[in-house]
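Student: Supplied structure: my_file.cif, mmCIF, C-alpha atoms.
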```cif
data_my_file
loop_
_atom_site.label_atom_id
_atom_site.label_comp_id
_atom_site.auth_asym_id
_atom_site.auth_seq_id
_atom_site.Cartn_x
_atom_site.Cartn_y
_atom_site.Cartn_z
CA MET A 3 30.93 61.47 -42.72
CA THR A 4 27.59 62.94 -43.60
CA ASP A 5 24.28 62.68 -41.82
CA SER A 6 21.94 61.09 -44.31
CA THR A 7 18.92 61.82 -42.09
CA ARG A 8 19.39 65.60 -41.96
CA ARG A 9 16.65 67.44 -43.79
CA SER A 10 17.61 69.71 -46.64
CA GLY A 11 17.94 73.36 -45.65
CA ALA A 12 17.99 72.64 -41.90
CA ASP A 13 20.40 74.95 -40.09
CA GLU A 14 20.22 73.48 -36.58
CA PRO A 15 23.46 71.96 -35.33
CA TYR A 16 23.88 68.20 -35.11
CA PRO A 17 22.37 67.31 -31.73
CA TYR A 18 25.43 65.44 -30.41
CA ALA A 19 28.57 67.23 -31.55
CA TYR A 20 31.99 65.77 -30.89
CA GLY A 21 33.60 67.08 -27.73
CA GLY A 22 30.67 69.25 -26.70
CA GLY A 23 30.90 72.99 -26.55
CA ALA A 24 28.79 76.09 -26.22
CA GLY A 25 25.17 75.32 -27.04
CA TYR A 26 25.74 71.62 -27.12
CA PRO A 27 24.91 69.11 -24.37
CA ASP A 28 27.66 67.08 -22.81
CA PRO A 29 27.90 63.37 -23.72
CA PRO A 30 25.84 61.10 -21.41
CA ALA A 31 27.64 59.86 -18.32
CA TYR A 32 26.19 56.33 -18.50
CA GLN A 33 27.78 53.44 -20.35
CA PRO A 34 26.46 52.54 -23.82
CA GLN A 35 23.88 49.75 -23.88
CA GLN A 36 25.44 46.35 -24.52
CA PRO A 37 24.48 44.05 -27.42
CA VAL A 38 21.93 41.25 -26.90
CA THR A 39 22.10 37.79 -28.44
CA THR A 40 18.76 36.30 -29.48
CA PRO A 41 17.92 32.56 -29.05
CA SER A 42 18.57 32.09 -32.79
CA GLY A 43 22.17 33.26 -32.35
CA VAL A 44 21.83 36.75 -33.86
CA THR A 45 23.61 39.59 -32.04
CA VAL A 46 21.52 42.76 -31.88
CA TRP A 47 23.35 46.05 -31.29
CA PRO A 48 21.38 48.88 -29.73
CA GLY A 49 20.57 51.43 -32.38
CA ASP A 50 21.81 49.17 -35.16
CA GLY A 51 20.31 50.67 -38.31
CA SER A 52 21.20 47.78 -40.52
CA GLY A 53 17.54 46.73 -40.62
CA GLY A 54 17.18 43.27 -42.05
CA GLY A 55 20.85 43.00 -42.99
CA SER A 56 23.28 40.17 -42.44
CA GLY A 57 22.78 40.13 -38.66
CA SER A 58 26.53 40.04 -38.11
CA GLY A 59 26.34 42.80 -35.50
CA GLY A 60 29.09 44.85 -37.18
CA ASN A 61 29.77 48.55 -36.58
CA GLY A 62 28.92 49.89 -40.02
CA ALA A 63 26.32 52.63 -40.24
CA GLY A 64 22.93 51.92 -41.82
CA GLU A 65 20.90 54.46 -43.66
CA ASP A 66 19.98 56.04 -40.34
CA GLY A 67 23.59 56.54 -39.34
CA GLY A 68 23.68 53.69 -36.73
CA ALA A 69 25.61 54.17 -33.48
CA PHE A 70 29.24 53.22 -33.21
CA ALA A 71 29.21 51.77 -29.72
CA SER A 72 32.82 50.63 -29.87
CA GLU A 73 34.19 53.80 -31.49
CA GLY A 74 37.00 55.37 -29.46
CA ALA A 75 37.47 59.03 -28.49
CA HIS A 76 37.35 61.42 -31.39
CA GLY A 77 37.51 65.16 -31.85
CA GLY A 78 38.44 66.29 -28.35
CA GLY A 79 37.82 63.02 -26.47
CA GLY A 80 34.03 63.06 -26.71
CA ARG A 81 32.07 59.97 -27.72
CA ARG A 82 29.98 60.40 -30.80
CA ARG A 83 26.45 59.10 -30.45
CA ALA A 84 24.52 59.07 -33.66
CA ARG A 85 20.86 59.86 -33.66
CA VAL A 86 18.80 56.74 -33.98
CA SER A 87 15.39 56.87 -35.49
CA ARG A 88 12.61 55.67 -33.18
CA PRO A 89 11.37 52.81 -35.38
CA VAL A 90 14.82 51.24 -35.52
CA ALA A 91 15.36 51.68 -31.78
CA LEU A 92 11.94 50.17 -31.09
CA ILE A 93 12.74 47.13 -33.22
CA ALA A 94 16.01 46.63 -31.36
CA ALA A 95 14.29 46.97 -28.00
CA VAL A 96 11.58 44.50 -28.98
CA ALA A 97 14.19 42.03 -30.16
CA ALA A 98 16.08 42.38 -26.87
CA VAL A 99 12.93 41.94 -24.79
CA SER A 100 11.87 38.96 -26.90
CA ALA A 101 15.24 37.34 -26.33
CA LEU A 102 14.94 37.87 -22.58
CA VAL A 103 11.35 36.64 -22.45
CA GLY A 104 12.19 33.64 -24.59
CA GLY A 105 15.13 32.77 -22.38
CA GLY A 106 13.01 33.27 -19.27
CA ALA A 107 10.27 31.01 -20.60
CA ALA A 108 12.83 28.37 -21.45
CA ALA A 109 14.26 28.70 -17.95
CA LEU A 110 10.80 28.31 -16.43
CA VAL A 111 10.10 25.17 -18.48
CA THR A 112 13.49 23.71 -17.56
CA ASN A 113 12.98 24.54 -13.89
CA ALA A 114 9.49 23.01 -13.86
CA THR A 115 10.80 19.84 -15.50
CA GLN A 116 13.69 19.55 -13.06
CA LYS A 117 11.36 20.18 -10.10
CA SER A 118 8.96 17.50 -11.31
CA ASP A 119 11.83 15.04 -11.63
CA THR A 120 12.91 15.65 -8.05
CA THR A 121 9.54 15.82 -6.29
CA VAL A 122 7.45 13.19 -8.09
CA SER A 123 8.62 9.63 -7.64
CA THR A 124 7.26 6.59 -9.45
CA PRO A 125 7.54 3.22 -7.70
CA VAL A 126 9.85 0.87 -9.53
CA VAL A 127 8.76 -2.76 -9.61
CA ASN A 128 11.62 -5.19 -9.31
CA ALA A 129 10.70 -8.18 -11.39
CA ASN A 130 13.33 -10.24 -9.58
CA SER A 131 12.07 -9.35 -6.10
CA THR A 132 11.48 -12.30 -3.78
CA SER A 133 9.58 -10.32 -1.14
CA HIS A 134 6.20 -11.64 -0.02
CA SER A 135 2.94 -9.78 -0.40
CA GLY A 136 -0.76 -10.47 0.07
CA VAL A 137 -1.70 -14.04 1.04
CA SER A 138 1.91 -15.26 0.94
CA ALA A 139 2.97 -12.54 3.39
CA VAL A 140 0.16 -13.48 5.79
CA ALA A 141 1.01 -17.16 5.51
CA ALA A 142 4.71 -16.54 6.16
CA ALA A 143 3.98 -14.38 9.19
CA VAL A 144 1.29 -16.48 10.89
CA SER A 145 2.08 -20.10 9.97
CA PRO A 146 4.63 -20.54 12.81
CA SER A 147 1.77 -19.80 15.26
CA ILE A 148 -0.58 -22.48 13.86
CA VAL A 149 -0.24 -26.06 15.06
CA GLU A 150 -1.76 -29.45 14.41
CA VAL A 151 -3.58 -30.98 17.39
CA SER A 152 -3.93 -34.77 17.59
CA ALA A 153 -6.16 -36.07 20.38
CA SER A 154 -6.92 -39.65 21.30
CA GLY A 155 -9.32 -41.12 23.82
CA THR A 156 -11.92 -43.79 24.41
CA SER A 157 -14.22 -42.21 21.84
CA GLY A 158 -11.62 -42.32 19.10
CA GLN A 159 -8.92 -40.17 17.58
CA SER A 160 -9.26 -36.69 16.12
CA THR A 161 -7.00 -34.36 14.20
CA GLY A 162 -7.62 -30.66 14.35
CA SER A 163 -5.69 -27.41 14.55
CA GLY A 164 -4.80 -24.82 17.16
CA VAL A 165 -3.49 -21.25 17.51
CA VAL A 166 -0.57 -20.36 19.79
CA ILE A 167 -1.58 -17.30 21.85
CA THR A 168 1.35 -17.05 24.32
CA SER A 169 5.07 -17.75 24.02
CA GLY A 170 4.73 -20.04 27.04
CA GLY A 171 2.64 -22.56 25.10
CA GLU A 172 -1.04 -21.65 25.52
CA ILE A 173 -3.04 -22.80 22.50
CA ILE A 174 -6.66 -22.10 21.58
CA THR A 175 -8.59 -24.80 19.73
CA ASN A 176 -12.16 -26.12 19.47
CA ASN A 177 -13.70 -28.03 22.34
CA HIS A 178 -14.86 -30.77 19.99
CA VAL A 179 -11.25 -31.40 18.89
CA VAL A 180 -10.06 -32.35 22.41
CA SER A 181 -13.32 -33.38 24.04
CA GLY A 182 -12.85 -36.65 25.96
CA ALA A 183 -9.17 -36.88 25.00
CA ASP A 184 -6.74 -38.84 27.19
CA ALA A 185 -3.62 -37.75 25.28
CA ILE A 186 -2.85 -34.71 23.13
CA LYS A 187 0.08 -34.22 20.79
CA VAL A 188 0.93 -30.89 19.15
CA THR A 189 2.89 -30.65 15.89
CA PHE A 190 4.50 -27.29 15.09
CA SER A 191 5.16 -25.79 11.67
CA ASP A 192 8.81 -26.87 11.82
CA GLY A 193 7.79 -30.50 12.34
CA SER A 194 8.64 -30.71 16.03
CA LYS A 195 6.16 -32.42 18.35
CA LYS A 196 5.26 -31.81 21.98
CA THR A 197 2.76 -33.12 24.50
CA ALA A 198 -0.06 -30.88 25.69
CA THR A 199 -2.70 -30.99 28.39
CA VAL A 200 -6.17 -29.47 28.61
CA VAL A 201 -6.39 -26.31 30.76
CA GLY A 202 -10.08 -25.49 30.32
CA THR A 203 -13.05 -26.09 28.03
CA ASP A 204 -16.27 -24.28 27.14
CA SER A 205 -18.60 -26.54 25.20
CA LYS A 206 -21.24 -23.83 24.84
CA LYS A 207 -18.81 -21.74 22.79
CA ASP A 208 -16.97 -24.74 21.35
CA LEU A 209 -13.67 -23.46 22.72
CA ALA A 210 -10.81 -25.12 24.58
CA LEU A 211 -7.46 -23.97 25.97
CA ILE A 212 -4.55 -26.42 26.01
CA LYS A 213 -0.95 -25.87 27.04
CA VAL A 214 2.25 -27.40 25.73
CA GLU A 215 4.44 -28.84 28.47
CA GLY A 216 7.83 -27.20 28.95
CA ALA A 217 7.39 -24.74 26.11
CA SER A 218 9.03 -21.31 25.91
CA GLY A 219 9.84 -18.78 23.22
CA LEU A 220 6.99 -19.84 20.95
CA LYS A 221 5.72 -17.36 18.39
CA ALA A 222 2.28 -16.17 19.48
CA ALA A 223 -0.32 -15.07 16.96
CA SER A 224 -1.67 -11.53 17.03
CA LEU A 225 -5.36 -11.44 18.00
CA GLY A 226 -7.33 -8.85 16.04
CA ASP A 227 -10.73 -7.23 16.53
CA SER A 228 -13.63 -9.16 14.99
CA SER A 229 -15.98 -6.19 15.46
CA LYS A 230 -14.12 -4.46 12.62
CA VAL A 231 -14.60 -7.32 10.16
CA ALA A 232 -16.77 -6.47 7.15
CA VAL A 233 -18.48 -8.62 4.55
CA GLY A 234 -16.21 -8.91 1.54
CA ASP A 235 -12.96 -8.64 3.50
CA GLN A 236 -10.25 -10.93 2.18
CA VAL A 237 -9.19 -13.61 4.66
CA VAL A 238 -6.70 -16.46 4.96
CA ALA A 239 -7.30 -19.79 6.71
CA ILE A 240 -4.46 -21.92 8.06
CA GLY A 241 -4.88 -25.38 9.55
CA SER A 242 -4.37 -29.11 9.09
CA PRO A 243 -7.19 -30.42 6.88
CA GLU A 244 -7.06 -34.20 6.50
CA GLY A 245 -3.87 -34.18 8.57
CA LEU A 246 -2.00 -31.95 6.07
CA THR A 247 -0.21 -29.65 8.50
CA GLY A 248 0.11 -25.95 7.65
CA THR A 249 -2.33 -25.88 4.74
CA VAL A 250 -3.12 -22.32 3.57
CA THR A 251 -6.34 -21.32 1.80
CA SER A 252 -7.92 -17.93 1.14
CA GLY A 253 -11.30 -16.38 0.45
CA ILE A 254 -13.55 -13.63 1.73
CA VAL A 255 -15.93 -13.00 4.60
CA SER A 256 -19.28 -14.13 3.20
CA ALA A 257 -21.53 -13.03 6.07
CA LEU A 258 -21.51 -12.04 9.73
CA ASP A 259 -23.46 -13.07 12.85
CA ARG A 260 -24.59 -16.42 11.47
CA ASP A 261 -26.37 -18.59 14.06
CA VAL A 262 -24.52 -21.91 14.11
CA THR A 263 -25.75 -24.80 16.27
CA VAL A 264 -23.32 -27.52 17.43
CA SER A 265 -23.41 -30.42 19.85
CA THR A 266 -22.24 -30.14 23.47
CA ASP A 267 -22.24 -33.90 24.04
CA GLN A 268 -18.78 -35.30 24.68
CA GLY A 269 -17.79 -37.59 21.85
CA GLN A 270 -20.80 -36.66 19.71
CA GLY A 271 -18.51 -35.93 16.81
CA GLN A 272 -14.82 -35.29 16.35
CA ASP A 273 -12.86 -33.78 13.50
CA GLY A 274 -10.79 -35.89 11.16
CA GLN A 275 -11.17 -39.37 12.61
CA GLY A 276 -7.95 -41.18 11.77
CA PRO A 277 -5.50 -40.62 8.89
CA GLY A 278 -7.16 -39.21 5.80
CA GLY A 279 -10.07 -37.78 7.75
CA GLY A 280 -13.52 -39.19 7.11
CA GLY A 281 -15.16 -37.75 10.22
CA GLN A 282 -17.15 -34.54 10.21
CA TRP A 283 -18.24 -32.31 13.05
CA PRO A 284 -22.05 -32.04 12.77
CA PHE A 285 -23.70 -28.64 12.91
CA GLU A 286 -26.95 -26.92 12.02
CA PHE A 287 -27.30 -23.65 10.19
CA GLY A 288 -30.23 -21.77 8.66
CA GLY A 289 -32.62 -24.63 9.34
CA GLY A 290 -30.35 -27.16 7.65
CA ARG A 291 -28.43 -30.04 9.19
CA TYR A 292 -24.90 -30.80 8.01
CA ASN A 293 -22.44 -33.63 8.65
CA GLY A 294 -24.89 -35.72 10.68
CA ASP A 295 -27.01 -35.38 13.79
CA VAL A 296 -25.92 -32.86 16.44
CA GLY A 297 -27.78 -34.82 19.13
CA SER A 298 -30.11 -33.65 21.82
CA SER A 299 -27.72 -31.37 23.71
CA THR A 300 -26.77 -28.37 21.57
CA THR A 301 -25.56 -24.79 21.77
CA THR A 302 -25.82 -21.90 19.33
CA TYR A 303 -23.26 -19.12 18.79
CA LYS A 304 -22.75 -16.23 16.38
CA ALA A 305 -20.18 -17.01 13.70
CA ILE A 306 -18.31 -15.44 10.81
CA GLN A 307 -19.16 -17.14 7.53
CA THR A 308 -16.37 -17.55 4.97
CA ASP A 309 -15.88 -19.17 1.58
CA ALA A 310 -12.21 -19.93 2.32
CA SER A 311 -11.73 -23.65 1.77
CA LEU A 312 -12.17 -25.52 5.09
CA ASN A 313 -12.15 -29.30 5.50
CA PRO A 314 -12.08 -31.78 8.40
CA GLY A 315 -8.94 -31.00 10.38
CA ASN A 316 -9.28 -27.22 9.95
CA SER A 317 -11.30 -27.01 13.18
CA GLY A 318 -9.44 -24.96 15.78
CA GLY A 319 -7.27 -23.26 13.17
CA ALA A 320 -7.13 -19.56 12.40
CA LEU A 321 -9.11 -17.25 10.15
CA ILE A 322 -6.78 -14.31 9.52
CA ASN A 323 -7.20 -10.84 8.03
CA MET A 324 -4.74 -9.31 5.56
CA SER A 325 -2.91 -7.54 8.40
CA GLY A 326 -1.89 -10.92 9.80
CA GLN A 327 -4.29 -10.79 12.75
CA VAL A 328 -6.45 -13.70 13.86
CA ILE A 329 -10.10 -12.67 13.58
CA GLY A 330 -11.71 -16.07 14.16
CA ILE A 331 -11.23 -19.71 15.16
CA ASN A 332 -12.50 -22.05 12.43
CA SER A 333 -15.11 -24.32 13.94
CA ALA A 334 -17.63 -25.74 11.47
CA MET A 335 -17.56 -26.49 7.77
CA TYR A 336 -19.73 -28.47 5.40
CA SER A 337 -18.21 -31.55 3.86
CA ALA A 338 -19.73 -34.32 1.82
CA ALA A 339 -20.72 -37.27 4.00
CA SER A 340 -18.23 -40.12 4.24
CA GLY A 341 -19.00 -43.01 1.96
CA GLN A 342 -19.83 -40.79 -1.02
CA ASN A 343 -17.62 -40.89 -4.07
CA SER A 344 -14.62 -38.56 -4.34
CA SER A 345 -16.28 -36.36 -6.96
CA SER A 346 -18.59 -34.95 -4.29
CA ALA A 347 -15.94 -34.55 -1.59
CA GLY A 348 -14.14 -31.37 -0.57
CA SER A 349 -15.01 -27.85 0.48
CA VAL A 350 -18.11 -26.20 -0.91
CA GLY A 351 -17.31 -22.73 0.40
CA LEU A 352 -19.50 -22.99 3.50
CA GLY A 353 -17.39 -22.49 6.61
CA PHE A 354 -17.85 -20.79 9.97
CA SER A 355 -15.48 -19.27 12.52
CA ILE A 356 -15.94 -18.24 16.13
CA PRO A 357 -15.20 -14.48 16.32
CA VAL A 358 -11.91 -13.73 18.06
CA ASN A 359 -13.61 -11.24 20.39
CA THR A 360 -15.62 -14.17 21.77
CA VAL A 361 -12.34 -16.00 22.34
CA LYS A 362 -10.72 -13.05 24.11
CA SER A 363 -13.72 -12.56 26.40
CA ASP A 364 -13.58 -16.26 27.37
CA LEU A 365 -9.84 -16.54 28.05
CA ALA A 366 -10.00 -15.79 31.76
CA SER A 367 -12.65 -18.44 32.24
CA LEU A 368 -10.71 -20.99 30.21
CA ARG A 369 -7.53 -20.36 32.18
CA ALA A 370 -9.54 -21.03 35.33
CA GLY A 371 -10.74 -24.38 33.99
CA GLY A 372 -13.57 -23.22 31.78
CA SER A 373 -17.31 -23.19 32.26
CA ASP A 374 -17.52 -26.97 31.83
CA SER A 375 -15.59 -27.47 35.08
CA ASN A 376 -18.52 -25.95 37.01
CA THR A 377 -21.18 -28.25 35.58
#
```
Would you give me this structure, written as structure tokens?

Tutor:
Amino acid sequence: MTDSTRRSGADEPYPYAYGGGAGYPDPPAYQPQQPVTTPSGVTVWPGDGSGGGSGSGGNGAGEDGGAFASEGAHGGGGRRRARVSRPVALIAAVAAVSALVGGGAAALVTNATQKSDTTVSTPVVNANSTSHSGVSAVAAAVSPSIVEVSASGTSGQSTGSGVVITSGGEIITNNHVVSGADAIKVTFSDGSKKTATVVGTDSKKDLALIKVEGASGLKAASLGDSSKVAVGDQVVAIGSPEGLTGTVTSGIVSALDRDVTVSTDQGQGQDGQGPGGGGQWPFEFGGGRYNGDVGSSTTTYKAIQTDASLNPGNSGGALINMSGQVIGINSAMYSAASGQNSSSAGSVGLGFSIPVNTVKSDLASLRAGGSDSNT
């Protein structure tokens, strides 16, 4: 075999003679560099002088006398290493580095994709899910704690609502619902009925506490914090308008700290007189008079205004936030006067609730008989 790269007339010995000898360096002790396969499937042999050949990675020598990496011992057991021109070696090295960088970049992309798949989760909506949310969840959670209150006495019959606050049967309602009552019946969300008696009343706050006889294990409502209520908050109202037990409506908080004036006269006005309603609890607000004359003896309290639909029979029921907490006791709502045609009847989005913080601050007094017992 001849060295095609040797210059004419050069008398220096071939730099890597077979077997070594005097004046010649020994073969390198390290192992020959291994071939590298590029992403396109081409095998690149170190020192391959085939240039832009077939890319088969064979052992044939190119015009630069490419290295025979797999050649066995020859001429005294030495390994022949052909001189490789720098341009060809550089091309091979670049190809090898490119293959490694390309593979590394692909590995990084794959790793990033796999990491994203395992650390970023997207909620999956089950179209067939029957779980409650929003208003329906509030209604399902609080409805068992809301009752219908039917009171009868010499001044007539009224139908209102109430909120269970203890498992032993304590129920908060409006004073005007039970005022002057001789008998009180409570209807629960499951349709069962029990007798109740008045524990205490506070006509100045339009609140009353009644207790179901022989009750235990009732589901008490959770009382929230009305100081945290904001205008625009979504709310749910539950009560018995027109004697329709467990009616659920929703709306928002329209305003706070509204001055509402109601009567303190016993029998001045009662909610829902008889089946189908027809009676309205009179009140004054913002200089206007609604649902009749409040009389000469009145009281004014701060109320939460809401546009949730309230009608006669909702008095004493609950105004609830979206966390299922009672934030107010519904007490006054505008309704068209009885005797008008049905087209003008119904809620007009003007309702008021006694803040639950007022209720909580009055509980001790009500349990002791209420402020009315001292007058």

Student: What are the closest atom pairs, with distances in Å to one decimal, for all residues of stretch 217-298 of chain A lying within 10 Å of stretch 136-148 of chain A? Consider all atoms listed in the file, order rows by chain and residue number, and present the result as a Markdown table.

Tutor:
```
| residue | atom | partner | partner_atom | distance |
| --- | --- | --- | --- | --- |
| A:Leu220 | CA | A:Ser147 | CA | 7.7 |
| A:Lys221 | CA | A:Ser147 | CA | 5.6 |
| A:Ala222 | CA | A:Ser147 | CA | 5.6 |
| A:Ala223 | CA | A:Ser147 | CA | 5.4 |
| A:Ser224 | CA | A:Val144 | CA | 8.4 |
| A:Gln236 | CA | A:Val137 | CA | 9.2 |
| A:Val237 | CA | A:Val137 | CA | 8.3 |
| A:Val238 | CA | A:Val137 | CA | 6.8 |
| A:Ala239 | CA | A:Ala141 | CA | 8.8 |
| A:Ile240 | CA | A:Ile148 | CA | 7.0 |
| A:Gly241 | CA | A:Ile148 | CA | 6.7 |
| A:Ser242 | CA | A:Ile148 | CA | 9.0 |
| A:Thr247 | CA | A:Ile148 | CA | 9.0 |
| A:Gly248 | CA | A:Ser145 | CA | 6.6 |
| A:Thr249 | CA | A:Ser145 | CA | 9.0 |
| A:Val250 | CA | A:Ala141 | CA | 6.9 |
| A:Thr251 | CA | A:Val137 | CA | 8.7 |
| A:Ser252 | CA | A:Val137 | CA | 7.3 |
| A:Gly253 | CA | A:Val137 | CA | 9.9 |
```

Student: Could you check which of A:Ser163, A:Ser228, A:Asn359, A:Ser191 is closest to A:Asn313, using only C-alpha atoms?

Tutor: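 When distances to A:Asn313 are compared using only C-alpha atoms, the smallest one comes from A:Ser163.
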
Student: What does the structure give for the distance between atom CA of A:Gly315 and atom CA of A:Gly245, in Å to one decimal?

Tutor: 6.3 Å

Student: With all atoms listed in the file as the counted atoms, please give the residues lying no more than 7 Å from A:Leu258, apart from itself and same-chain residues fewer than 3 positions off, as a PyMOL selection string.

Tutor: chain A and resi 233+305-307

Student: Given the choices A:Ala185, A:Ile329, A:Val361, A:Leu211, which gets closest to A:Gly164 if the distance is worked out from all atoms listed in the file?

Tutor: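 With all atoms listed in the file as the atom set, the closest residue is A:Leu211.
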
Student: Select, from A:Pro37, A:Gly162, A:Gly319, A:Gly371, the residue with the minimum atom-to-atom distance to A:Trp283, counting all atoms listed in the file.

Tutor: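 Between A:Pro37, A:Gly162, A:Gly319, A:Gly371, the residue approaching A:Trp283 most closely is A:Gly162.
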
Student: Any idea what's packed within 9 Å of stretch 199-209 of chain A, counting all atoms listed in the file, ignoring anything in its chain fewer than 5 positions away? Could you give it as a ChimeraX atom specification?

Tutor: /A:172,174-178,180-181,183-187,214-215,264-268,300-303,318,331,333,356,360-361,364,367-375

Student: Hey, which of A:Gly182, A:Pro357, A:Gly294, A:Gly216 ends up closest to A:Lys196? Count all atoms listed in the file.

Tutor: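 The shortest atom-to-atom distance to A:Lys196 comes from A:Gly216.
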
Student: Which value, in Å to one decimal, gives the distance between atom CA of A:Gln327 and atom CA of A:Leu352?

Tutor: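 Result for atom CA of A:Gln327 versus atom CA of A:Leu352: 21.6 Å, one decimal.
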
Student: Can you measure atom CA of A:Gly353 to atom CA of A:Asp261 for me? One decimal in Å is fine.

Tutor: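 Straight-line distance from atom CA of A:Gly353 to atom CA of A:Asp261 works out to 12.3 Å.
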
Student: Rank nothing, just name the residue among A:Ser355, A:Asn293, A:Thr45, A:Thr39 nearest to A:Leu312, using only C-alpha atoms.

Tutor: A:Ser355

Student: How would you write, as a list in words, the residues chosen by the PyMOL selection byres ((chain A and resi 351) around 6) on this structure?

Tutor: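 Taken over the shown coordinates, the PyMOL selection byres ((chain A and resi 351) around 6) returns Asp309, Ser311, Ser349, Val350 and Leu352 of chain A.
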
Student: Considering only C-alpha atoms, state which residue in the set A:Ala366, A:Ile167, A:Ile173, A:Val149 is at the smallest distance from A:Gly193.

Tutor: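 Among the listed residues, A:Val149 lies closest to A:Gly193.
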